[in-house]
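Colleague: Dropping a structure here in structure tokens format, bear with me for questions.
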Amino acid sequence: MFYADAMTGQEQGVMTIRAVCLDIAGVLTDSGRLLPGAREALQALDDAGLPWRLLTNTSRRPQSAILAELAGLGLNVSAAHLFAAPRVVAETLRRRGLRPLLLVHPDIRSEFSGVDCHDPDAVVLCDAAEGLDYRSLDIAFDLLMQGAPLLAVGMNRYFQGRERLELDAGPFVKALEYASGVTAEVIGKPGRAMFDLACASMGVSAADTVMIGDDVDADVLGALNAGLQGVLVRTGKYRSGDEQQLPPGATCAADVLSAVMAVLNR
Ligand SMILES: [Mg+2]
């Protein structure tokens, strides 16, 4: 079981954790398959009474498709468990009354229903795959030069595709930042918004929460910047040597089940 006494945990160098955030791709799943230990890891958290949330920057599929895939793999995940960055971006747009130019994958346009996209005054950049062509990026650049804010789903450099690493949204965000001089507001990981929302939904402080992920920047460093603890797993997009980018305090585990067992101090 996790330590109830924070000082005891800290003095013994053991993580004191009351809640867990997990990445999906590369941690629980890989190319549509369940990774070993994924089901057991979530079960162990449930058995220990620790609340958990899944935080994903995936922006080629709507939340409903992500939930359907996880259910098909035998993972018991509800909509309340899932924080998908595109939906958080859409909520941010609605709350701030922004009218975006949407550079998003056609499969997730439904996540932005109800968002007024007429006469855009903002740019939203997700992993739009082939939609990130010169013409689209040039229109976005023009809006940014007129003062529009740039909202990004994340800064992920790449993701693990079915056969190889593939370009994610981050390089395109960087290109627009470079051209326009505008700094993107990152809504998904490693930005704070997703971590803050996830912790708030569990009624825990960031300091008592750990993030388990396979991306050093988005998952681990993002979590640390938001005040969470972080564990890097050696699955998914992990490449040998990634752990050398981890700051003191972040740890590494072979896979998600090992990470959860360490969290549960077993
Ligand atoms: Mg991942």
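Order determines the names: the first chain of the structure tokens is A, the second B, and so forth; residues in each chain are numbered 1 upward, and ligands are numbered 1 upward as they are shown.
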Taking only C-alpha atoms and all ligand atoms and a cut-off of 12 Å, can you tell me which residues surround ligand 1, written as a PyMOL selection string?
Modeller: chain A and resi 22-31+54-58+154+156-161+165+168+189-190+211-220+232-238+256
Colleague: Could you list, as a PyMOL selection string, every residue within 7 Å of stretch 127-133 of chain A, counting only C-alpha atoms and ignoring same-chain residues fewer than 6 positions away?
Modeller: chain A and resi 59-60+103-105+168-169
Colleague: With only C-alpha atoms as the atoms that count, which of A:Ala80, A:Ile139, A:Ala262, A:Leu221 lies nearest to A:Ala41?
Modeller: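 Under the stated criterion, the closest residue is A:Ala262.
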Colleague: Can you work out the spacing between atom CA of A:Ala90 and atom CA of A:Ala152 in Å, to one decimal?
Modeller: 11.2 Å
Colleague: Quick one: distance from atom CA of A:Val173 to atom CA of A:Leu125 in Å, one decimal?
Modeller: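 These two atoms are separated by 7.0 Å.
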